[in-house]
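Quick look at my_file.tsv (TSV, C-alpha atoms and all ligand atoms):
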```tsv
chain	number	residue	atom	x	y	z
L	1	MET	CA	106.46	-43.55	12.37
L	2	ALA	CA	105.27	-45.14	9.18
L	3	ALA	CA	104.33	-43.02	6.20
L	4	ALA	CA	102.63	-45.08	3.55
L	5	THR	CA	102.86	-44.21	-0.10
L	6	GLU	CA	100.03	-44.37	-2.58
L	7	ASN	CA	99.56	-44.39	-6.27
L	8	ASP	CA	96.24	-46.05	-6.90
L	9	ASP	CA	93.05	-44.88	-5.24
L	10	THR	CA	90.67	-45.92	-7.95
L	11	ILE	CA	89.02	-48.63	-5.88
L	12	LEU	CA	88.47	-46.26	-3.00
L	13	ASP	CA	87.16	-43.43	-5.14
L	14	ASN	CA	84.77	-45.82	-6.83
L	15	GLN	CA	83.44	-46.99	-3.49
L	16	LEU	CA	82.65	-43.50	-2.27
L	17	LYS	CA	80.02	-40.98	-3.18
L	18	PRO	CA	81.12	-37.43	-2.56
L	19	ASP	CA	77.78	-36.26	-1.31
L	20	SER	CA	76.93	-39.15	0.96
L	21	GLU	CA	77.46	-39.38	4.66
L	22	PRO	CA	78.74	-42.75	5.89
L	23	ALA	CA	76.00	-44.84	7.40
L	24	PRO	CA	75.81	-44.49	11.15
L	25	VAL	CA	75.94	-47.72	13.10
L	26	ASN	CA	72.91	-49.72	14.02
L	27	PRO	CA	72.18	-48.29	17.43
L	28	SER	CA	70.29	-51.37	18.56
L	29	SER	CA	73.36	-53.22	19.82
L	30	PRO	CA	75.94	-50.94	21.35
L	31	PRO	CA	77.78	-52.36	24.36
L	32	GLU	CA	76.46	-51.73	27.88
L	33	GLU	CA	73.61	-49.54	26.72
L	34	LYS	CA	70.84	-48.33	29.05
L	35	PRO	CA	67.22	-48.70	27.88
L	36	LEU	CA	66.34	-45.86	25.52
L	37	SER	CA	64.03	-43.04	26.55
L	38	LYS	CA	60.86	-42.39	24.50
L	39	ASN	CA	62.50	-39.46	22.83
L	40	ALA	CA	65.62	-41.46	21.99
L	41	GLN	CA	63.44	-44.28	20.58
L	42	LYS	CA	61.69	-41.77	18.31
L	43	LYS	CA	65.03	-40.41	17.16
L	44	GLN	CA	66.29	-43.95	16.56
L	45	LEU	CA	63.24	-44.83	14.49
L	46	LYS	CA	63.65	-41.66	12.43
L	47	GLN	CA	67.28	-42.52	11.84
L	48	GLN	CA	66.41	-46.11	10.84
L	49	ARG	CA	63.78	-44.87	8.36
L	50	TYR	CA	66.32	-42.47	6.90
L	51	GLU	CA	68.87	-45.29	6.57
L	52	ALA	CA	66.33	-47.62	4.93
L	53	LYS	CA	65.37	-44.92	2.42
L	54	LYS	CA	69.02	-44.24	1.67
L	55	ALA	CA	69.74	-47.95	1.12
L	56	GLU	CA	66.72	-48.25	-1.19
L	57	LYS	CA	67.86	-45.24	-3.22
L	58	LYS	CA	71.36	-46.70	-3.50
L	59	ALA	CA	69.98	-50.04	-4.73
L	60	GLN	CA	67.83	-48.25	-7.32
L	61	GLU	CA	70.81	-46.27	-8.57
L	62	LYS	CA	72.87	-49.46	-8.86
L	63	GLU	CA	70.15	-51.17	-10.85
L	64	HIS	CA	69.76	-48.12	-13.10
L	65	LYS	CA	73.52	-48.11	-13.75
L	66	ARG	CA	73.49	-51.81	-14.60
L	67	LYS	CA	70.60	-51.38	-17.06
L	68	GLU	CA	72.28	-48.35	-18.64
L	69	GLY	CA	75.45	-50.42	-19.15
L	70	GLU	CA	73.46	-53.20	-20.79
L	71	ARG	CA	71.61	-50.76	-23.04
L	72	LYS	CA	74.82	-49.07	-24.19
L	73	HIS	CA	76.48	-52.42	-24.89
L	74	LYS	CA	73.50	-53.56	-26.96
L	75	GLU	CA	73.48	-50.26	-28.85
L	76	TRP	CA	77.19	-50.65	-29.64
L	77	GLU	CA	76.73	-54.23	-30.87
L	78	GLU	CA	73.86	-53.12	-33.14
L	79	THR	CA	75.88	-50.22	-34.54
L	80	LEU	CA	78.71	-52.61	-35.39
L	81	ALA	CA	76.36	-55.17	-36.90
L	82	ASN	CA	74.84	-52.55	-39.22
L	83	ALA	CA	78.18	-51.08	-40.31
L	84	THR	CA	80.35	-51.95	-43.29
L	85	GLU	CA	83.75	-53.53	-42.64
L	86	GLU	CA	85.50	-50.18	-43.19
L	87	GLU	CA	83.08	-48.36	-40.83
L	88	ARG	CA	83.51	-51.10	-38.23
L	89	LEU	CA	87.28	-50.62	-38.17
L	90	LYS	CA	86.87	-46.85	-37.86
L	91	LEU	CA	84.35	-47.17	-35.01
L	92	ILE	CA	86.57	-49.59	-33.09
L	93	GLU	CA	89.62	-47.41	-33.57
L	94	SER	CA	87.83	-44.27	-32.42
L	95	ARG	CA	86.51	-46.07	-29.34
L	96	ARG	CA	90.01	-47.30	-28.53
L	97	SER	CA	91.55	-43.83	-28.72
L	98	LEU	CA	88.74	-42.38	-26.60
L	99	ARG	CA	89.48	-44.97	-23.92
L	100	LYS	CA	93.20	-44.20	-24.10
L	101	GLU	CA	92.50	-40.49	-23.70
L	102	ARG	CA	90.33	-41.15	-20.68
L	103	MET	CA	92.99	-43.32	-19.07
L	104	GLU	CA	95.67	-40.72	-19.68
L	105	LYS	CA	93.47	-38.05	-18.10
L	106	ARG	CA	92.87	-40.27	-15.09
L	107	SER	CA	96.54	-40.97	-14.54
L	108	GLU	CA	97.31	-37.26	-14.95
L	109	GLU	CA	94.74	-36.48	-12.25
L	110	LYS	CA	96.28	-39.13	-10.01
L	111	GLU	CA	99.71	-37.63	-10.50
L	112	LYS	CA	98.43	-34.16	-9.60
L	113	LYS	CA	96.75	-35.56	-6.53
L	114	MET	CA	100.02	-37.16	-5.42
L	115	GLU	CA	101.80	-33.85	-5.93
L	116	ARG	CA	99.22	-32.10	-3.74
L	117	LEU	CA	99.48	-34.73	-1.02
L	118	THR	CA	103.30	-34.69	-1.10
L	119	ARG	CA	103.27	-30.91	-0.73
L	120	ALA	CA	100.78	-31.20	2.16
L	121	LYS	CA	103.13	-33.66	3.85
L	122	GLU	CA	105.93	-31.13	3.61
L	123	ILE	CA	104.15	-27.89	4.47
L	124	GLY	CA	100.45	-28.62	4.97
L	125	GLN	CA	98.21	-28.38	7.99
L	126	ASN	CA	98.61	-31.43	10.24
L	127	ILE	CA	95.36	-33.08	11.23
L	128	VAL	CA	95.21	-36.21	13.35
L	129	ILE	CA	92.40	-38.70	13.70
L	130	ASP	CA	92.87	-40.30	17.11
L	131	VAL	CA	91.67	-43.88	16.69
L	132	ASP	CA	92.54	-44.99	20.20
L	133	PHE	CA	88.94	-45.67	21.25
L	134	ALA	CA	88.25	-49.08	19.71
L	135	HIS	CA	87.83	-50.66	23.16
L	136	LEU	CA	84.75	-48.45	23.72
L	137	MET	CA	82.98	-49.29	20.49
L	138	SER	CA	81.00	-52.25	19.19
L	139	GLU	CA	82.21	-54.02	16.06
L	140	SER	CA	79.65	-52.21	13.91
L	141	GLU	CA	80.65	-48.86	15.37
L	142	ILE	CA	84.30	-49.57	14.52
L	143	SER	CA	83.23	-50.54	11.05
L	144	SER	CA	81.28	-47.27	10.72
L	145	LEU	CA	84.35	-45.35	11.87
L	146	VAL	CA	86.48	-47.14	9.28
L	147	GLN	CA	84.00	-46.05	6.58
L	148	GLN	CA	84.23	-42.49	7.84
L	149	ILE	CA	88.04	-42.61	7.72
L	150	MET	CA	87.85	-43.90	4.16
L	151	TYR	CA	85.62	-40.97	3.30
L	152	CYS	CA	88.02	-38.53	5.02
L	153	TYR	CA	90.91	-39.86	2.97
L	154	ALA	CA	89.01	-39.53	-0.30
L	155	VAL	CA	87.76	-35.99	0.48
L	156	ASN	CA	91.27	-34.87	1.40
L	157	GLY	CA	92.74	-36.42	-1.74
L	158	ARG	CA	90.26	-34.59	-3.96
L	159	SER	CA	90.86	-31.20	-2.31
L	160	ASN	CA	93.04	-28.56	-3.92
L	161	SER	CA	94.45	-27.70	-0.49
L	162	PRO	CA	94.63	-31.01	1.33
L	163	CYS	CA	95.85	-31.41	4.88
L	164	HIS	CA	98.57	-33.75	6.05
L	165	LEU	CA	96.45	-36.49	7.54
L	166	TRP	CA	97.50	-38.73	10.41
L	167	LEU	CA	95.94	-41.74	12.06
L	168	THR	CA	97.33	-42.30	15.55
L	169	GLY	CA	96.68	-45.14	17.98
L	170	VAL	CA	96.28	-47.59	15.09
L	171	GLN	CA	96.29	-50.94	16.82
L	172	GLY	CA	94.17	-53.98	17.77
L	173	GLU	CA	90.73	-54.30	16.18
L	174	MET	CA	91.02	-50.84	14.62
L	175	SER	CA	94.20	-51.86	12.83
L	176	THR	CA	92.66	-55.16	11.72
L	177	GLN	CA	89.63	-53.45	10.20
L	178	LEU	CA	91.66	-50.70	8.53
L	179	ASP	CA	93.95	-53.33	7.01
L	180	ARG	CA	90.91	-54.92	5.38
L	181	LEU	CA	90.24	-51.79	3.31
L	182	PRO	CA	91.25	-52.33	-0.31
L	183	GLY	CA	94.50	-50.47	-0.98
L	184	PHE	CA	94.89	-49.22	2.61
L	185	GLU	CA	98.57	-50.20	2.65
L	186	LYS	CA	99.16	-47.72	-0.19
L	187	TRP	CA	97.36	-44.75	1.35
L	188	PHE	CA	99.43	-41.58	1.40
L	189	ILE	CA	98.86	-40.90	5.08
L	190	GLU	CA	100.79	-41.16	8.36
L	191	LYS	CA	99.84	-44.34	10.22
L	192	GLU	CA	101.08	-44.44	13.76
L	193	SER	CA	100.48	-47.14	16.35
L	194	LYS	CA	101.42	-44.81	19.21
L	195	CYS	CA	99.15	-42.13	20.64
L	196	TYR	CA	99.78	-38.59	19.27
L	197	ILE	CA	100.95	-37.51	22.72
L	198	GLU	CA	103.92	-39.88	22.40
L	199	ALA	CA	104.39	-39.68	18.64
L	200	MET	CA	104.37	-35.88	18.71
L	201	ALA	CA	105.89	-35.37	22.18
L	202	ASP	CA	108.23	-32.67	20.88
L	203	ARG	CA	105.24	-30.58	19.72
L	204	LYS	CA	102.97	-30.94	22.73
L	205	GLU	CA	102.31	-27.19	22.97
L	206	ASN	CA	100.93	-27.27	19.40
L	207	LEU	CA	98.46	-30.08	19.99
L	208	VAL	CA	94.81	-28.92	19.92
L	209	TYR	CA	92.07	-31.47	20.59
L	210	LEU	CA	88.89	-30.54	18.77
L	211	THR	CA	85.89	-31.21	20.93
L	212	ALA	CA	82.37	-29.80	21.03
L	213	ASP	CA	82.73	-29.60	24.84
L	214	SER	CA	85.53	-27.03	24.77
L	215	GLU	CA	84.93	-23.45	25.85
L	216	THR	CA	87.48	-22.15	23.38
L	217	VAL	CA	86.10	-21.32	19.96
L	218	LEU	CA	88.36	-22.05	17.04
L	219	GLU	CA	88.63	-18.82	15.06
L	220	ASP	CA	91.30	-19.84	12.55
L	221	LEU	CA	93.59	-22.74	11.73
L	222	ASP	CA	97.17	-22.07	12.80
L	223	PRO	CA	99.63	-23.81	10.45
L	224	LYS	CA	101.90	-24.53	13.42
L	225	ASP	CA	99.17	-26.32	15.34
L	226	ILE	CA	98.16	-29.95	15.02
L	227	TYR	CA	94.41	-30.49	15.25
L	228	ILE	CA	93.12	-33.75	16.66
L	229	ILE	CA	89.72	-35.29	15.90
L	230	GLY	CA	88.40	-38.01	18.18
L	231	GLY	CA	87.96	-41.18	16.13
L	232	LEU	CA	84.78	-42.19	17.85
L	233	VAL	CA	81.33	-43.34	16.80
L	234	ASP	CA	79.34	-43.27	20.01
L	235	ARG	CA	76.19	-41.20	19.41
L	236	ASN	CA	77.66	-39.08	22.19
L	237	ARG	CA	77.23	-41.93	24.66
L	238	PHE	CA	80.64	-40.97	26.04
L	239	LYS	CA	79.92	-37.30	26.50
L	240	GLY	CA	83.03	-35.31	27.35
L	241	ILE	CA	85.44	-38.16	26.76
L	242	THR	CA	87.77	-36.26	24.40
L	243	MET	CA	87.60	-33.09	26.53
L	244	ASN	CA	88.64	-35.10	29.61
L	245	LYS	CA	91.39	-36.87	27.69
L	246	ALA	CA	92.87	-33.58	26.47
L	247	GLN	CA	92.65	-31.99	29.91
L	248	GLU	CA	94.38	-34.99	31.52
L	249	GLN	CA	97.12	-34.80	28.91
L	250	GLY	CA	97.46	-31.05	29.43
L	251	ILE	CA	96.89	-30.07	25.80
L	252	LYS	CA	94.76	-27.31	24.29
L	253	THR	CA	91.15	-27.84	23.17
L	254	ALA	CA	88.82	-25.97	20.82
L	255	LYS	CA	85.35	-26.30	19.34
L	256	LEU	CA	84.27	-25.38	15.84
L	257	PRO	CA	82.55	-21.97	15.62
L	258	ILE	CA	79.30	-23.55	14.38
L	259	GLY	CA	76.98	-21.51	16.62
L	260	GLU	CA	78.20	-18.28	15.10
L	261	TYR	CA	77.02	-19.25	11.65
L	262	MET	CA	74.10	-21.67	11.95
L	263	LYS	CA	71.61	-23.16	14.33
L	264	MET	CA	71.58	-26.92	14.67
L	265	SER	CA	68.40	-28.94	15.15
L	266	SER	CA	70.05	-30.88	17.98
L	267	SER	CA	73.61	-30.96	19.34
L	268	GLN	CA	76.68	-29.51	17.67
L	269	VAL	CA	78.50	-32.84	17.88
L	270	LEU	CA	79.43	-33.83	14.34
L	271	THR	CA	80.78	-37.04	12.87
L	272	VAL	CA	84.50	-37.53	12.27
L	273	ASN	CA	84.16	-37.18	8.49
L	274	GLN	CA	82.05	-34.03	8.78
L	275	VAL	CA	84.66	-32.38	11.00
L	276	LEU	CA	87.50	-33.37	8.68
L	277	GLU	CA	85.58	-32.19	5.63
L	278	ILE	CA	84.84	-28.83	7.29
L	279	LEU	CA	88.52	-28.36	8.10
L	280	VAL	CA	89.59	-29.28	4.57
L	281	LYS	CA	86.98	-26.92	3.11
L	282	PHE	CA	88.21	-24.19	5.43
L	283	LEU	CA	91.79	-24.73	4.24
L	284	GLU	CA	90.48	-24.22	0.71
L	285	THR	CA	88.23	-21.21	1.35
L	286	ARG	CA	89.32	-19.67	4.69
L	287	ASP	CA	85.61	-19.18	5.24
L	288	TRP	CA	83.79	-20.97	8.05
L	289	LYS	CA	80.33	-20.10	6.77
L	290	THR	CA	80.95	-21.71	3.38
L	291	SER	CA	82.58	-24.70	5.07
L	292	PHE	CA	79.66	-25.32	7.45
L	293	PHE	CA	76.97	-24.78	4.83
L	294	THR	CA	78.75	-27.07	2.37
L	295	VAL	CA	79.23	-29.92	4.80
L	296	ILE	CA	76.49	-29.92	7.45
L	297	PRO	CA	73.37	-31.52	5.95
L	298	GLN	CA	70.12	-29.57	5.91
L	299	ARG	CA	68.42	-32.13	8.15
L	300	LYS	CA	70.88	-31.32	10.95
L	301	ARG	CA	70.14	-27.62	10.79
L	302	SER	CA	67.20	-25.99	12.53
L	303	GLY	CA	66.18	-23.88	9.55
L	304	VAL	CA	66.68	-20.62	11.41
L	305	ASP	CA	70.29	-19.51	11.32
L	306	PRO	CA	71.54	-16.97	13.84
L	307	VAL	CA	72.14	-13.49	12.57
L	308	ASP	CA	75.46	-12.38	13.98
L	309	SER	CA	76.07	-8.90	12.63
L	310	SER	CA	79.81	-9.15	13.27
L	311	LYS	CA	79.97	-12.05	10.78
L	312	LEU	CA	77.97	-10.32	8.08
L	313	GLU	CA	79.62	-8.83	5.05
L	314	PRO	CA	79.61	-5.01	5.09
L	315	LEU	CA	77.03	-3.51	2.72
L	401	LIG	C1	81.23	-38.28	16.96
L	401	LIG	S1	82.27	-37.12	17.72
L	401	LIG	C2	82.66	-37.94	19.22
L	401	LIG	C3	81.91	-37.43	20.39
L	401	LIG	C4	82.51	-37.88	21.70
L	401	LIG	N1	81.48	-38.21	22.64
L	401	LIG	C5	83.43	-36.82	22.28
L	401	LIG	O1	83.26	-36.50	23.47
L	401	LIG	O2	84.33	-36.35	21.58
L	401	LIG	C6	83.78	-37.28	16.80
L	401	LIG	C7	84.80	-36.21	17.01
L	401	LIG	O3	84.57	-35.11	16.14
L	401	LIG	C8	85.05	-33.92	16.73
L	401	LIG	N2	83.91	-32.98	16.85
L	401	LIG	C9	82.59	-33.26	16.64
L	401	LIG	N3	81.86	-32.13	16.76
L	401	LIG	C10	82.71	-31.13	17.04
L	401	LIG	C11	82.56	-29.72	17.26
L	401	LIG	N4	81.37	-29.15	17.23
L	401	LIG	N5	83.68	-28.99	17.52
L	401	LIG	C12	84.90	-29.58	17.55
L	401	LIG	N6	85.10	-30.89	17.33
L	401	LIG	C13	84.03	-31.66	17.09
L	401	LIG	C14	85.62	-34.28	18.08
L	401	LIG	O4	87.01	-34.44	17.93
L	401	LIG	C15	84.94	-35.59	18.38
L	401	LIG	O5	85.69	-36.38	19.25
```
Is it possible to express this structure as structure tokens?
Ligand SMILES: C[S@@+](CC[C@H](N)C(=O)[O-])C[C@H]1O[C@@H](n2cnc3c(N)ncnc32)[C@H](O)[C@@H]1O
Amino acid sequence: MAAATENDDTILDNQLKPDSEPAPVNPSSPPEEKPLSKNAQKKQLKQQRYEAKKAEKKAQEKEHKRKEGERKHKEWEETLANATEEERLKLIESRRSLRKERMEKRSEEKEKKMERLTRAKEIGQNIVIDVDFAHLMSESEISSLVQQIMYCYAVNGRSNSPCHLWLTGVQGEMSTQLDRLPGFEKWFIEKESKCYIEAMADRKENLVYLTADSETVLEDLDPKDIYIIGGLVDRNRFKGITMNKAQEQGIKTAKLPIGEYMKMSSSQVLTVNQVLEILVKFLETRDWKTSFFTVIPQRKRSGVDPVDSSKLEPL
């Protein structure tokens, strides 16, 4: 069992936007796919338009940032050019100390983050991402999953109550793509080439596979239990795959209590990063409603949320 250590996540944090969902894969080339129905084609088109808009917005933001940088640099040069020698020295010195302060703050934050993750490793909630499905995914789907895992790691690192995160079944193409992530070797996470069922054989009765197909509704997170998320990007092409896997292995299953708090516009099957983020938010708040409403994007909700009087706050 290999636990990696980490002390520098700057590259990763810079690559991620906290409020963005990783781009789903291009659905035009998944392996062995049947022709799409009219409805599915419509959905695909809608998704593609959404992706194109998102990419355009990202490019605009990048350009804006570049121009802002240029403007600030020019402004600084002009200020220096118009200053006396004494003023110049003062300006440079004050800029230097501001930078130093910022760097100190950053390294302090990093230290705190490491403390939180170390504590989570000792006593935190264990959550596994089962990445043993690479053989069922196209290259772009694997790449999308890798992005989602990167997002999971960043979200967990930023949380005040992070979980102890595991990746199990890390091998083959999955391992190759994960290794390509900048700084992956330093991630403070458990990386395990074996399946959780082998790696955690002594805790089989505590393994709970999270799957939207389960009949058991997850009411709370039990600190003794180990929750498993299927590391799969399949647009639910492999319906029931994680449910079947768990049943064959003889381990418990559970679904998130989404239906009790909100209505979804389509299925209740969420992405890996959404599930992880919901769990991390729940560890922070112990409140499913807040967790769902914070993580599940508006476009995935139907607009009308169910009113379950048992979940309402007393007047
Ligand atoms: C994109 S889904 C994969 C769907 C896949 N066809 C399956 O059968 O699991 C990624 C994973 O997130 C978790 N997940 C997604 N929605 C869930 C829900 N509503 N309740 C519990 N787990 C969920 C499951 O572990 C699932 O395997």
Enclosing box along x, y and z for every listed atom of stretch 218-237 of chain L, padded 5 Å each side, centre and size in Å, one decimal, as lines of an AutoDock Vina configuration file:
```
center_x = 89.0
center_y = -31.1
center_z = 17.6
size_x = 35.7
size_y = 34.5
size_z = 24.2
```
Can you list every residue of chain L that has an atom at most 9 Å from ligand LIG 401 (chain L), with its nearest atom pair and the distance in Å to one decimal, using all atoms listed in the file, ordered by chain then number, as JSON lines?
```
{"residue": "L:Ile129", "atom": "CA", "partner": "L:LIG401", "partner_atom": "O4", "distance": 8.1}
{"residue": "L:Asp130", "atom": "CA", "partner": "L:LIG401", "partner_atom": "O4", "distance": 8.3}
{"residue": "L:Tyr209", "atom": "CA", "partner": "L:LIG401", "partner_atom": "O4", "distance": 6.4}
{"residue": "L:Leu210", "atom": "CA", "partner": "L:LIG401", "partner_atom": "N6", "distance": 4.1}
{"residue": "L:Thr211", "atom": "CA", "partner": "L:LIG401", "partner_atom": "N6", "distance": 3.7}
{"residue": "L:Ala212", "atom": "CA", "partner": "L:LIG401", "partner_atom": "C11", "distance": 3.8}
{"residue": "L:Asp213", "atom": "CA", "partner": "L:LIG401", "partner_atom": "O1", "distance": 7.1}
{"residue": "L:Ser214", "atom": "CA", "partner": "L:LIG401", "partner_atom": "C12", "distance": 7.7}
{"residue": "L:Val217", "atom": "CA", "partner": "L:LIG401", "partner_atom": "N5", "distance": 8.4}
{"residue": "L:Leu218", "atom": "CA", "partner": "L:LIG401", "partner_atom": "C12", "distance": 8.3}
{"residue": "L:Tyr227", "atom": "CA", "partner": "L:LIG401", "partner_atom": "O4", "distance": 8.8}
{"residue": "L:Ile228", "atom": "CA", "partner": "L:LIG401", "partner_atom": "O4", "distance": 6.3}
{"residue": "L:Ile229", "atom": "CA", "partner": "L:LIG401", "partner_atom": "O4", "distance": 3.5}
{"residue": "L:Gly230", "atom": "CA", "partner": "L:LIG401", "partner_atom": "O5", "distance": 3.3}
{"residue": "L:Gly231", "atom": "CA", "partner": "L:LIG401", "partner_atom": "C6", "distance": 5.8}
{"residue": "L:Leu232", "atom": "CA", "partner": "L:LIG401", "partner_atom": "C2", "distance": 4.9}
{"residue": "L:Val233", "atom": "CA", "partner": "L:LIG401", "partner_atom": "C1", "distance": 5.1}
{"residue": "L:Asp234", "atom": "CA", "partner": "L:LIG401", "partner_atom": "N1", "distance": 6.1}
{"residue": "L:Arg235", "atom": "CA", "partner": "L:LIG401", "partner_atom": "C1", "distance": 6.3}
{"residue": "L:Asn236", "atom": "CA", "partner": "L:LIG401", "partner_atom": "N1", "distance": 3.9}
{"residue": "L:Arg237", "atom": "CA", "partner": "L:LIG401", "partner_atom": "N1", "distance": 6.0}
{"residue": "L:Phe238", "atom": "CA", "partner": "L:LIG401", "partner_atom": "N1", "distance": 4.5}
{"residue": "L:Lys239", "atom": "CA", "partner": "L:LIG401", "partner_atom": "N1", "distance": 4.3}
{"residue": "L:Gly240", "atom": "CA", "partner": "L:LIG401", "partner_atom": "O1", "distance": 4.1}
{"residue": "L:Ile241", "atom": "CA", "partner": "L:LIG401", "partner_atom": "O1", "distance": 4.3}
{"residue": "L:Thr242", "atom": "CA", "partner": "L:LIG401", "partner_atom": "O2", "distance": 4.4}
{"residue": "L:Met243", "atom": "CA", "partner": "L:LIG401", "partner_atom": "O1", "distance": 6.3}
{"residue": "L:Asn244", "atom": "CA", "partner": "L:LIG401", "partner_atom": "O1", "distance": 8.3}
{"residue": "L:Thr253", "atom": "CA", "partner": "L:LIG401", "partner_atom": "C12", "distance": 8.6}
{"residue": "L:Ala254", "atom": "CA", "partner": "L:LIG401", "partner_atom": "C12", "distance": 6.3}
{"residue": "L:Lys255", "atom": "CA", "partner": "L:LIG401", "partner_atom": "N5", "distance": 3.7}
{"residue": "L:Leu256", "atom": "CA", "partner": "L:LIG401", "partner_atom": "N5", "distance": 4.0}
{"residue": "L:Pro257", "atom": "CA", "partner": "L:LIG401", "partner_atom": "N5", "distance": 7.4}
{"residue": "L:Ile258", "atom": "CA", "partner": "L:LIG401", "partner_atom": "N4", "distance": 6.6}
{"residue": "L:Gly259", "atom": "CA", "partner": "L:LIG401", "partner_atom": "N4", "distance": 8.8}
{"residue": "L:Ser267", "atom": "CA", "partner": "L:LIG401", "partner_atom": "N4", "distance": 8.2}
{"residue": "L:Gln268", "atom": "CA", "partner": "L:LIG401", "partner_atom": "N4", "distance": 4.7}
{"residue": "L:Val269", "atom": "CA", "partner": "L:LIG401", "partner_atom": "N3", "distance": 3.6}
{"residue": "L:Leu270", "atom": "CA", "partner": "L:LIG401", "partner_atom": "N3", "distance": 3.8}
{"residue": "L:Thr271", "atom": "CA", "partner": "L:LIG401", "partner_atom": "C1", "distance": 4.3}
{"residue": "L:Val272", "atom": "CA", "partner": "L:LIG401", "partner_atom": "O3", "distance": 4.6}
{"residue": "L:Asn273", "atom": "CA", "partner": "L:LIG401", "partner_atom": "O3", "distance": 7.9}
{"residue": "L:Gln274", "atom": "CA", "partner": "L:LIG401", "partner_atom": "O3", "distance": 7.9}
{"residue": "L:Val275", "atom": "CA", "partner": "L:LIG401", "partner_atom": "O3", "distance": 5.8}
{"residue": "L:Leu276", "atom": "CA", "partner": "L:LIG401", "partner_atom": "O3", "distance": 8.2}
```
Nearest to L:Leu117 by atom-to-atom distance, counting all atoms listed in the file, from L:Ser159, L:Ser193, L:Ser138, L:Thr294: L:Ser159
Selected residue of minimal separation from L:Leu165 among L:Glu190, L:Asp132, L:Asp287, L:Glu198, counting only C-alpha atoms: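 Looking only at the distances to L:Leu165, the closest residue turns out to be L:Glu190.
Excluding L:Leu283 itself and same-chain residues fewer than 4 positions from it, the residues having an atom within 9 Å of it are L:Gln125, L:Ser161, L:Pro162, L:Cys163, L:Leu221, L:Ile278, L:Leu279, L:Asp287, counting only C-alpha atoms.
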For the point (88.5, -40.3, 2.9) in the file's frame, write as a short mmCIF file (atom, residue, chain, number, x, y, z; two decimals) with C-alpha atoms, in the coordinates of the input all residues with an atom no more than 10 Å away, counting all atoms listed in the file.
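Okay, part.cif is ready:
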```cif
data_model
loop_
_atom_site.label_atom_id
_atom_site.label_comp_id
_atom_site.auth_asym_id
_atom_site.auth_seq_id
_atom_site.Cartn_x
_atom_site.Cartn_y
_atom_site.Cartn_z
CA LEU L 12 88.47 -46.26 -3.00
CA ASP L 13 87.16 -43.43 -5.14
CA LEU L 16 82.65 -43.50 -2.27
CA PRO L 18 81.12 -37.43 -2.56
CA VAL L 146 86.48 -47.14 9.28
CA GLN L 147 84.00 -46.05 6.58
CA GLN L 148 84.23 -42.49 7.84
CA ILE L 149 88.04 -42.61 7.72
CA MET L 150 87.85 -43.90 4.16
CA TYR L 151 85.62 -40.97 3.30
CA CYS L 152 88.02 -38.53 5.02
CA TYR L 153 90.91 -39.86 2.97
CA ALA L 154 89.01 -39.53 -0.30
CA VAL L 155 87.76 -35.99 0.48
CA ASN L 156 91.27 -34.87 1.40
CA GLY L 157 92.74 -36.42 -1.74
CA ARG L 158 90.26 -34.59 -3.96
CA LEU L 165 96.45 -36.49 7.54
CA ASN L 273 84.16 -37.18 8.49
CA LEU L 276 87.50 -33.37 8.68
CA GLU L 277 85.58 -32.19 5.63
#
```
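Put simply, atom CA of L:Glu70 is 21.3 Å away from atom CA of L:Glu56.
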All residues 12 Å or closer to L:Arg299, all atoms listed in the file, same chain fewer than 2 positions away omitted, as a ChimeraX atom specification: /L:46-47,50,263-266,293,295-297,301-303
One-decimal distance in Å that lies between atom CA of L:Glu219 and atom CA of L:Gln298: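 Taking atom CA of L:Gln298 as the start and atom CA of L:Glu219 as the end point, the length is 23.3 Å.
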Atom-to-atom span, atom CA of L:Ala246 and atom CA of L:Leu178, Å: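 So the two atoms, atom CA of L:Ala246 and atom CA of L:Leu178, lie 24.8 Å apart.
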